[in-house]
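Engineer: Contents of structure-v6.pdb (PDB, C-alpha atoms) are given next:
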```pdb
ATOM      1  CA  GLU A   6       5.454   5.477   7.160  1.00  0.00           C
ATOM      2  CA  THR A   7       2.831   4.169   4.776  1.00  0.00           C
ATOM      3  CA  GLY A   8       3.357   0.462   5.490  1.00  0.00           C
ATOM      4  CA  VAL A   9       5.277   0.043   2.235  1.00  0.00           C
ATOM      5  CA  THR A  10       8.996   0.690   2.586  1.00  0.00           C
ATOM      6  CA  GLN A  11      11.361   1.188  -0.331  1.00  0.00           C
ATOM      7  CA  THR A  12      15.143   1.272  -0.217  1.00  0.00           C
ATOM      8  CA  PRO A  13      17.295   2.986  -1.202  1.00  0.00           C
ATOM      9  CA  ARG A  14      15.563   6.381  -1.509  1.00  0.00           C
ATOM     10  CA  HIS A  15      18.143   7.592  -4.036  1.00  0.00           C
ATOM     11  CA  LEU A  16      20.453   5.665  -6.334  1.00  0.00           C
ATOM     12  CA  VAL A  17      23.023   6.812  -8.854  1.00  0.00           C
ATOM     13  CA  MET A  18      24.508   4.108 -11.033  1.00  0.00           C
ATOM     14  CA  GLY A  19      26.658   3.781 -14.107  1.00  0.00           C
ATOM     15  CA  MET A  20      25.424   1.992 -17.194  1.00  0.00           C
ATOM     16  CA  THR A  21      27.600  -1.041 -16.474  1.00  0.00           C
ATOM     17  CA  ASN A  22      26.601  -1.426 -12.815  1.00  0.00           C
ATOM     18  CA  LYS A  23      24.274  -3.967 -11.250  1.00  0.00           C
ATOM     19  CA  LYS A  24      22.032  -2.809  -8.432  1.00  0.00           C
ATOM     20  CA  SER A  25      18.772  -3.836  -6.776  1.00  0.00           C
ATOM     21  CA  LEU A  26      15.773  -1.944  -5.474  1.00  0.00           C
ATOM     22  CA  LYS A  27      13.939  -3.357  -2.479  1.00  0.00           C
ATOM     23  CA  CYS A  28      10.318  -3.065  -1.423  1.00  0.00           C
ATOM     24  CA  GLU A  29       8.768  -4.428   1.747  1.00  0.00           C
ATOM     25  CA  GLN A  30       5.143  -4.243   2.824  1.00  0.00           C
ATOM     26  CA  HIS A  31       3.884  -4.756   6.363  1.00  0.00           C
ATOM     27  CA  LEU A  32       0.179  -4.730   5.497  1.00  0.00           C
ATOM     28  CA  GLY A  33      -0.512  -8.404   4.816  1.00  0.00           C
ATOM     29  CA  HIS A  34      -1.417  -7.627   1.208  1.00  0.00           C
ATOM     30  CA  ASN A  35      -1.364 -10.357  -1.432  1.00  0.00           C
ATOM     31  CA  ALA A  36      -0.340  -8.309  -4.485  1.00  0.00           C
ATOM     32  CA  MET A  37       2.699  -6.145  -5.134  1.00  0.00           C
ATOM     33  CA  TYR A  38       3.602  -3.899  -8.057  1.00  0.00           C
ATOM     34  CA  TRP A  39       6.471  -1.998  -9.634  1.00  0.00           C
ATOM     35  CA  TYR A  40       5.668   1.281 -11.379  1.00  0.00           C
ATOM     36  CA  LYS A  41       7.925   3.684 -13.238  1.00  0.00           C
ATOM     37  CA  GLN A  42       7.250   7.418 -13.104  1.00  0.00           C
ATOM     38  CA  SER A  43       8.976   9.638 -15.646  1.00  0.00           C
ATOM     39  CA  ALA A  44       8.515  13.369 -15.987  1.00  0.00           C
ATOM     40  CA  LYS A  45       5.316  14.465 -17.761  1.00  0.00           C
ATOM     41  CA  LYS A  46       4.128  10.872 -18.280  1.00  0.00           C
ATOM     42  CA  PRO A  47       1.518   8.757 -16.498  1.00  0.00           C
ATOM     43  CA  LEU A  48       2.740   6.087 -14.136  1.00  0.00           C
ATOM     44  CA  GLU A  49       3.715   3.013 -16.120  1.00  0.00           C
ATOM     45  CA  LEU A  50       3.014  -0.414 -14.697  1.00  0.00           C
ATOM     46  CA  MET A  51       6.074  -2.662 -14.982  1.00  0.00           C
ATOM     47  CA  PHE A  52       5.328  -5.837 -13.047  1.00  0.00           C
ATOM     48  CA  VAL A  53       2.536  -7.364 -10.964  1.00  0.00           C
ATOM     49  CA  TYR A  54       2.902 -10.168  -8.452  1.00  0.00           C
ATOM     50  CA  ASN A  55      -0.131 -11.938  -6.997  1.00  0.00           C
ATOM     51  CA  PHE A  56       0.573 -14.408  -4.201  1.00  0.00           C
ATOM     52  CA  LYS A  57       4.255 -14.323  -5.229  1.00  0.00           C
ATOM     53  CA  GLU A  58       3.448 -15.272  -8.831  1.00  0.00           C
ATOM     54  CA  GLN A  59       4.163 -12.819 -11.597  1.00  0.00           C
ATOM     55  CA  THR A  60       0.895 -12.128 -13.373  1.00  0.00           C
ATOM     56  CA  GLU A  61       1.833  -9.213 -15.583  1.00  0.00           C
ATOM     57  CA  ASN A  62       4.924  -8.012 -17.356  1.00  0.00           C
ATOM     58  CA  ASN A  63       4.198  -4.955 -19.427  1.00  0.00           C
ATOM     59  CA  SER A  64       6.841  -5.426 -22.127  1.00  0.00           C
ATOM     60  CA  VAL A  65       9.580  -4.327 -19.796  1.00  0.00           C
ATOM     61  CA  PRO A  66      13.170  -4.637 -21.135  1.00  0.00           C
ATOM     62  CA  SER A  67      15.125  -7.565 -19.764  1.00  0.00           C
ATOM     63  CA  ARG A  68      17.602  -5.220 -18.093  1.00  0.00           C
ATOM     64  CA  PHE A  69      14.888  -4.972 -15.403  1.00  0.00           C
ATOM     65  CA  SER A  70      14.420  -8.243 -13.539  1.00  0.00           C
ATOM     66  CA  PRO A  71      11.856  -8.598 -10.734  1.00  0.00           C
ATOM     67  CA  GLU A  72      11.984 -11.045  -7.867  1.00  0.00           C
ATOM     68  CA  CYS A  73       9.305 -11.811  -5.289  1.00  0.00           C
ATOM     69  CA  PRO A  74      10.628 -14.309  -2.723  1.00  0.00           C
ATOM     70  CA  ASN A  75       7.533 -14.014  -0.515  1.00  0.00           C
ATOM     71  CA  SER A  76       4.358 -11.997  -0.338  1.00  0.00           C
ATOM     72  CA  SER A  77       6.000  -9.264   1.757  1.00  0.00           C
ATOM     73  CA  HIS A  78       9.107  -8.570  -0.308  1.00  0.00           C
ATOM     74  CA  LEU A  79       9.663  -7.445  -3.858  1.00  0.00           C
ATOM     75  CA  PHE A  80      12.937  -6.663  -5.600  1.00  0.00           C
ATOM     76  CA  LEU A  81      13.826  -5.033  -8.882  1.00  0.00           C
ATOM     77  CA  HIS A  82      17.252  -6.072 -10.140  1.00  0.00           C
ATOM     78  CA  LEU A  83      18.901  -3.607 -12.511  1.00  0.00           C
ATOM     79  CA  HIS A  84      21.763  -4.205 -14.937  1.00  0.00           C
ATOM     80  CA  THR A  85      23.232  -2.383 -17.927  1.00  0.00           C
ATOM     81  CA  LEU A  86      20.674   0.394 -17.694  1.00  0.00           C
ATOM     82  CA  GLN A  87      20.386   3.348 -20.055  1.00  0.00           C
ATOM     83  CA  PRO A  88      20.184   7.049 -19.159  1.00  0.00           C
ATOM     84  CA  GLU A  89      16.515   7.068 -20.232  1.00  0.00           C
ATOM     85  CA  ASP A  90      15.805   4.602 -17.413  1.00  0.00           C
ATOM     86  CA  SER A  91      16.372   7.440 -14.950  1.00  0.00           C
ATOM     87  CA  ALA A  92      13.043   7.890 -13.156  1.00  0.00           C
ATOM     88  CA  LEU A  93      11.192   7.473  -9.883  1.00  0.00           C
ATOM     89  CA  TYR A  94      10.472   3.785  -9.278  1.00  0.00           C
ATOM     90  CA  LEU A  95       7.459   3.182  -7.107  1.00  0.00           C
ATOM     91  CA  CYS A  96       6.386   0.033  -5.342  1.00  0.00           C
ATOM     92  CA  ALA A  97       2.778  -0.543  -4.318  1.00  0.00           C
ATOM     93  CA  SER A  98       0.727  -3.252  -2.685  1.00  0.00           C
ATOM     94  CA  SER A  99      -2.964  -4.107  -2.484  1.00  0.00           C
ATOM     95  CA  GLN A 100      -5.287  -6.693  -1.012  1.00  0.00           C
ATOM     96  CA  ASP A 101      -7.395  -8.294  -3.734  1.00  0.00           C
ATOM     97  CA  THR A 102      -9.266  -6.067  -6.151  1.00  0.00           C
ATOM     98  CA  GLU A 103     -11.750  -4.486  -3.751  1.00  0.00           C
ATOM     99  CA  TYR A 104      -9.158  -2.253  -2.177  1.00  0.00           C
ATOM    100  CA  GLY A 105      -6.886   0.429  -3.489  1.00  0.00           C
ATOM    101  CA  TYR A 106      -3.139   0.713  -3.647  1.00  0.00           C
ATOM    102  CA  THR A 107      -0.730   1.664  -0.916  1.00  0.00           C
ATOM    103  CA  PHE A 108       2.465   3.142  -2.313  1.00  0.00           C
ATOM    104  CA  GLY A 109       5.978   3.388  -0.992  1.00  0.00           C
ATOM    105  CA  SER A 110       7.982   6.606  -1.121  1.00  0.00           C
ATOM    106  CA  GLY A 111       9.877   5.512  -4.214  1.00  0.00           C
ATOM    107  CA  THR A 112      13.488   5.215  -5.305  1.00  0.00           C
ATOM    108  CA  ARG A 113      14.867   8.088  -7.379  1.00  0.00           C
ATOM    109  CA  LEU A 114      17.175   6.405  -9.892  1.00  0.00           C
ATOM    110  CA  THR A 115      19.733   8.291 -11.945  1.00  0.00           C
ATOM    111  CA  VAL A 116      21.706   6.434 -14.605  1.00  0.00           C
ATOM    112  CA  VAL A 117      24.926   8.166 -15.649  1.00  0.00           C
TER
ATOM    113  CA  LYS B  29      -7.149   0.111 -23.352  1.00  0.00           C
ATOM    114  CA  GLN B  30      -8.325   2.426 -20.606  1.00  0.00           C
ATOM    115  CA  GLU B  31      -7.182   6.028 -20.974  1.00  0.00           C
ATOM    116  CA  VAL B  32      -7.361   8.465 -18.081  1.00  0.00           C
ATOM    117  CA  THR B  33      -7.269  12.221 -18.577  1.00  0.00           C
ATOM    118  CA  GLN B  34      -6.960  14.928 -15.961  1.00  0.00           C
ATOM    119  CA  ILE B  35      -7.824  18.528 -16.632  1.00  0.00           C
ATOM    120  CA  PRO B  36      -6.416  21.015 -15.940  1.00  0.00           C
ATOM    121  CA  ALA B  37      -2.764  20.006 -15.927  1.00  0.00           C
ATOM    122  CA  ALA B  38      -1.971  22.833 -13.542  1.00  0.00           C
ATOM    123  CA  LEU B  39      -4.069  25.050 -11.299  1.00  0.00           C
ATOM    124  CA  SER B  40      -3.204  28.001  -9.090  1.00  0.00           C
ATOM    125  CA  VAL B  41      -5.718  29.366  -6.574  1.00  0.00           C
ATOM    126  CA  PRO B  42      -5.665  31.770  -3.612  1.00  0.00           C
ATOM    127  CA  GLU B  43      -5.908  30.310  -0.143  1.00  0.00           C
ATOM    128  CA  GLY B  44      -9.443  29.678   1.093  1.00  0.00           C
ATOM    129  CA  GLU B  45     -10.942  29.021  -2.323  1.00  0.00           C
ATOM    130  CA  ASN B  46     -13.006  25.913  -3.050  1.00  0.00           C
ATOM    131  CA  LEU B  47     -11.824  24.008  -6.114  1.00  0.00           C
ATOM    132  CA  VAL B  48     -12.642  21.025  -8.320  1.00  0.00           C
ATOM    133  CA  LEU B  49     -10.205  18.704 -10.067  1.00  0.00           C
ATOM    134  CA  ASN B  50     -11.452  16.609 -12.960  1.00  0.00           C
ATOM    135  CA  CYS B  51     -10.715  13.076 -14.104  1.00  0.00           C
ATOM    136  CA  SER B  52     -12.205  11.323 -17.118  1.00  0.00           C
ATOM    137  CA  PHE B  53     -11.797   7.752 -18.338  1.00  0.00           C
ATOM    138  CA  THR B  54     -12.681   6.082 -21.595  1.00  0.00           C
ATOM    139  CA  ASP B  55     -13.960   2.665 -20.469  1.00  0.00           C
ATOM    140  CA  SER B  56     -16.803   2.718 -17.944  1.00  0.00           C
ATOM    141  CA  ALA B  57     -16.264  -0.949 -16.972  1.00  0.00           C
ATOM    142  CA  ILE B  58     -14.265  -0.037 -13.907  1.00  0.00           C
ATOM    143  CA  TYR B  59     -13.938  -1.747 -10.558  1.00  0.00           C
ATOM    144  CA  ASN B  60     -12.972   1.285  -8.529  1.00  0.00           C
ATOM    145  CA  LEU B  61     -11.284   4.676  -8.758  1.00  0.00           C
ATOM    146  CA  GLN B  62      -8.676   6.099  -6.423  1.00  0.00           C
ATOM    147  CA  TRP B  63      -7.430   9.650  -5.896  1.00  0.00           C
ATOM    148  CA  PHE B  64      -3.852  10.190  -4.768  1.00  0.00           C
ATOM    149  CA  ARG B  65      -1.710  13.105  -3.736  1.00  0.00           C
ATOM    150  CA  GLN B  66       1.985  13.313  -4.624  1.00  0.00           C
ATOM    151  CA  ASP B  67       4.428  15.812  -3.192  1.00  0.00           C
ATOM    152  CA  PRO B  68       7.519  16.624  -5.287  1.00  0.00           C
ATOM    153  CA  GLY B  69       9.937  13.687  -5.460  1.00  0.00           C
ATOM    154  CA  LYS B  70       7.816  11.586  -3.131  1.00  0.00           C
ATOM    155  CA  GLY B  71       5.556   8.579  -3.356  1.00  0.00           C
ATOM    156  CA  LEU B  72       1.779   8.627  -3.684  1.00  0.00           C
ATOM    157  CA  THR B  73      -0.527   9.099  -0.714  1.00  0.00           C
ATOM    158  CA  SER B  74      -4.016   7.667  -1.049  1.00  0.00           C
ATOM    159  CA  LEU B  75      -6.791  10.214  -0.482  1.00  0.00           C
ATOM    160  CA  LEU B  76     -10.041   8.504  -1.399  1.00  0.00           C
ATOM    161  CA  LEU B  77     -11.148   5.211  -2.945  1.00  0.00           C
ATOM    162  CA  ILE B  78     -14.545   4.940  -4.627  1.00  0.00           C
ATOM    163  CA  GLN B  79     -15.994   1.554  -5.546  1.00  0.00           C
ATOM    164  CA  SER B  80     -17.895   1.321  -8.820  1.00  0.00           C
ATOM    165  CA  SER B  81     -21.183   0.955  -6.919  1.00  0.00           C
ATOM    166  CA  GLN B  82     -20.634   4.200  -4.988  1.00  0.00           C
ATOM    167  CA  ARG B  83     -21.377   7.759  -6.035  1.00  0.00           C
ATOM    168  CA  GLU B  84     -19.070   9.620  -3.681  1.00  0.00           C
ATOM    169  CA  GLN B  85     -16.646   9.448  -0.779  1.00  0.00           C
ATOM    170  CA  THR B  86     -15.721  12.117   1.736  1.00  0.00           C
ATOM    171  CA  SER B  87     -12.722  12.645   3.956  1.00  0.00           C
ATOM    172  CA  GLY B  88     -12.388  15.915   5.838  1.00  0.00           C
ATOM    173  CA  ARG B  89     -12.265  18.770   3.319  1.00  0.00           C
ATOM    174  CA  LEU B  90     -12.137  16.347   0.387  1.00  0.00           C
ATOM    175  CA  ASN B  91     -15.080  14.953  -1.528  1.00  0.00           C
ATOM    176  CA  ALA B  92     -14.734  12.667  -4.531  1.00  0.00           C
ATOM    177  CA  SER B  93     -17.627  11.821  -6.833  1.00  0.00           C
ATOM    178  CA  LEU B  94     -17.957   9.146  -9.478  1.00  0.00           C
ATOM    179  CA  ASP B  95     -20.230   9.018 -12.523  1.00  0.00           C
ATOM    180  CA  LYS B  96     -19.408   5.744 -14.217  1.00  0.00           C
ATOM    181  CA  SER B  97     -21.821   6.132 -17.099  1.00  0.00           C
ATOM    182  CA  SER B  98     -20.232   9.368 -18.233  1.00  0.00           C
ATOM    183  CA  GLY B  99     -16.694   8.261 -17.379  1.00  0.00           C
ATOM    184  CA  ARG B 100     -16.020  11.076 -14.935  1.00  0.00           C
ATOM    185  CA  SER B 101     -14.828  11.695 -11.412  1.00  0.00           C
ATOM    186  CA  THR B 102     -14.256  14.949  -9.577  1.00  0.00           C
ATOM    187  CA  LEU B 103     -12.243  15.760  -6.489  1.00  0.00           C
ATOM    188  CA  TYR B 104     -13.623  18.707  -4.557  1.00  0.00           C
ATOM    189  CA  ILE B 105     -11.327  20.469  -2.096  1.00  0.00           C
ATOM    190  CA  ALA B 106     -13.005  22.879   0.282  1.00  0.00           C
ATOM    191  CA  ALA B 107     -11.307  25.920   1.830  1.00  0.00           C
ATOM    192  CA  SER B 108      -7.946  25.249   0.201  1.00  0.00           C
ATOM    193  CA  GLN B 109      -4.734  25.724   2.197  1.00  0.00           C
ATOM    194  CA  PRO B 110      -1.083  26.177   1.113  1.00  0.00           C
ATOM    195  CA  GLY B 111      -0.418  22.674   2.465  1.00  0.00           C
ATOM    196  CA  ASP B 112      -2.745  21.306  -0.207  1.00  0.00           C
ATOM    197  CA  SER B 113      -0.177  22.253  -2.862  1.00  0.00           C
ATOM    198  CA  ALA B 114       0.812  19.006  -4.592  1.00  0.00           C
ATOM    199  CA  THR B 115       0.061  16.948  -7.683  1.00  0.00           C
ATOM    200  CA  TYR B 116      -3.243  15.093  -7.566  1.00  0.00           C
ATOM    201  CA  LEU B 117      -3.497  11.824  -9.490  1.00  0.00           C
ATOM    202  CA  CYS B 118      -6.547   9.864 -10.475  1.00  0.00           C
ATOM    203  CA  ALA B 119      -6.292   6.098 -11.051  1.00  0.00           C
ATOM    204  CA  VAL B 120      -8.885   3.688 -12.403  1.00  0.00           C
ATOM    205  CA  ARG B 121      -8.937  -0.073 -11.863  1.00  0.00           C
ATOM    206  CA  VAL B 122     -10.588  -2.018 -14.658  1.00  0.00           C
ATOM    207  CA  ASN B 123     -12.801  -5.042 -14.131  1.00  0.00           C
ATOM    208  CA  THR B 124     -10.246  -7.458 -15.507  1.00  0.00           C
ATOM    209  CA  GLY B 125      -6.723  -7.754 -14.228  1.00  0.00           C
ATOM    210  CA  ASN B 126      -5.028  -6.159 -11.306  1.00  0.00           C
ATOM    211  CA  GLN B 127      -3.866  -2.901 -12.886  1.00  0.00           C
ATOM    212  CA  PHE B 128      -4.679   0.711 -12.154  1.00  0.00           C
ATOM    213  CA  TYR B 129      -4.493   3.156 -15.046  1.00  0.00           C
ATOM    214  CA  PHE B 130      -3.226   6.579 -14.045  1.00  0.00           C
ATOM    215  CA  GLY B 131      -3.778  10.056 -15.358  1.00  0.00           C
ATOM    216  CA  THR B 132      -0.893  12.521 -15.678  1.00  0.00           C
ATOM    217  CA  GLY B 133      -2.149  14.517 -12.732  1.00  0.00           C
ATOM    218  CA  THR B 134      -3.142  18.067 -11.864  1.00  0.00           C
ATOM    219  CA  SER B 135      -0.453  20.202 -10.239  1.00  0.00           C
ATOM    220  CA  LEU B 136      -2.137  22.395  -7.629  1.00  0.00           C
ATOM    221  CA  THR B 137      -0.608  25.503  -6.095  1.00  0.00           C
ATOM    222  CA  VAL B 138      -2.458  27.259  -3.288  1.00  0.00           C
ATOM    223  CA  ILE B 139      -1.165  30.806  -2.817  1.00  0.00           C
ATOM    224  CA  PRO B 140      -1.084  32.162   0.741  1.00  0.00           C
TER
END
```
Just dump the structure as structure tokens.

Structural biologist:
Amino acid sequence: ETGVTQTPRHLVMGMTNKKSLKCEQHLGHNAMYWYKQSAKKPLELMFVYNFKEQTENNSVPSRFSPECPNSSHLFLHLHTLQPEDSALYLCASSQDTEYGYTFGSGTRLTVV
Amino acid sequence: KQEVTQIPAALSVPEGENLVLNCSFTDSAIYNLQWFRQDPGKGLTSLLLIQSSQREQTSGRLNASLDKSSGRSTLYIAASQPGDSATYLCAVRVNTGNQFYFGTGTSLTVIP
């Protein structure tokens, strides 16, 4: 395990469902991130949390709602998604800016 | 906005060959650069992190170099093995903010 754990690994949901993705890091890092990875496209940053405070929101649709209750846990709440939201959702963490990212294994989301 | 380009998009080599993957970025005001490996459907595994003040980093058969002034980094893989087959991603952290900008990756296949 990389120290960043994501659950579930796979998720299939209908467009009217509500679900949540979970990320947990055991590294003592102070920043956590959500990225979206679609086929043939670079990773897209969605949200950044620094010391539990959201510092960036890259014009993400409101059907994606992040939550960071503490510095070790990060959630991504999903509702009324579209088929084009199907992708690999990756969580990462880092300690300050001197160090790199540690990624989780991702959640493969399919919206039907 | 920082743009990161990786060439080639795909590469196929026979086992045992030495190879170089390329990464270029448009804004030289970077904080650090990180190389990752991604296996199909999986998360990203960190390979090497180079700070902006460094010229190169080495780990086993991997060597990453950084030339900030020209906006380039290379990842050298010595004596390639079939287990090296994966997509290799380059990511650049800019001096402001907490975000890494990713390239689209190079898909490497090492043929036994």

Engineer: Kindly provide, as number ranges by chain, the polymer residues lying within 12 Å of (-6.0, -5.4, -6.7), counting all atoms listed in the file and using the coordinates exactly as they appear in the file.

Structural biologist: A: 34-38, 53-56, 60, 97-107; B: 59-62, 120-128

Engineer: Using atom CA of Pro36 of chain B and atom CA of Asn50 of chain B as the two end points, give the distance in Å to one decimal.

Structural biologist: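 Pair atom CA of Pro36 of chain B / atom CA of Asn50 of chain B returns 7.3 Å.
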
Engineer: To verify the selection step, state as a VMD selection string which residues the PyMOL selection byres ((chain A) within 7 of (chain B)) yields on this input.

Structural biologist: chain A and resid 45 to 48 95 102 105 107 to 111

Engineer: What separation in Å, quoted to one decimal, exists between atom CA of Ser81 of chain B and atom CA of Gln30 of chain B?

Structural biologist: 18.8 Å

Engineer: For this file, the PyMOL selection byres ((chain A and resi 24) around 12) selects which residues, as a PyMOL selection string?

Structural biologist: chain A and resi 12-13+15-23+25-27+68-71+80-86+114-116

Engineer: Do you have the atom CA of Trp39 of chain A-atom CA of Gly111 of chain B distance handy?

Structural biologist: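 That distance, rounded to one decimal, is 28.3 Å.
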
Engineer: Check the smallest atom-to-atom distance from each of B:Ser87, B:Thr102, B:Thr134, B:Ser56 to Leu75 of chain B using only C-alpha atoms, then report the winner.

Structural biologist: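 With only C-alpha atoms as the atom set, the closest residue is B:Ser87.
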
Engineer: Name the closest residue to Ala44 of chain A among the candidates B:Pro140, B:Arg89, B:Pro68, B:Ile35; distances are taken between atoms, counting all atoms listed in the file.

Structural biologist: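 Checking each of B:Pro140, B:Arg89, B:Pro68, B:Ile35 against Ala44 of chain A, counting all atoms listed in the file, the winner is B:Pro68.
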
Engineer: Measuring atom to atom with only C-alpha atoms, identify which of B:Leu94, B:Ala57, B:Cys118, B:Ala106 is nearest to Glu43 of chain B.

Structural biologist: B:Ala106

Engineer: Residues picked by the PyMOL selection byres ((chain B and resi 47) around 8) here, as a ChimeraX atom specification?

Structural biologist: /B:45-46,48-49,104-106,108

Engineer: Produce the centre coordinates and the three edge lengths, each in Å to one decimal, of the box along x, y and z that contains all listed atoms of segment 73-77 of chain B with 3 Å added on each side, as JSON.

Structural biologist:
```
{"center_x": -5.8, "center_y": 7.7, "center_z": -1.7, "size_x": 16.6, "size_y": 11.0, "size_z": 8.5}
```

Engineer: Which residues come within 10 Å of Pro42 of chain B, counting only C-alpha atoms, excluding same-chain residues fewer than 5 positions away, as number ranges by chain?

Structural biologist: B: 107-110, 137-140

Engineer: Do a neighbour search on Leu93 of chain A at 6 Å with all atoms listed in the file, toss out local chain neighbours closer than 2 positions, and write the hits as a PyMOL selection string.

Structural biologist: chain A and resi 42+112-113

Engineer: Using only C-alpha atoms, pick whichever of A:Cys73, A:Val9, A:Leu50, A:Val117 has the shortest atom-to-atom distance to Tyr94 of chain A.

Structural biologist: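 Of A:Cys73, A:Val9, A:Leu50, A:Val117, the one nearest Tyr94 of chain A is A:Leu50, counting only C-alpha atoms.
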
Engineer: Take the point (4.2, -7.6, -17.1) in the file's coordinates, draw a sphere of radius 9 Å around it, and report as an NGL selection string every protein, DNA or RNA residue with an atom inside or on it, counting only C-alpha atoms.

Structural biologist: :A and (50-53 or 59-65)

Engineer: Between B:Ser135, B:Gln85, B:Cys51, B:Ala114, which is the closest to Asp67 of chain B once you count all atoms listed in the file?

Structural biologist: B:Ala114
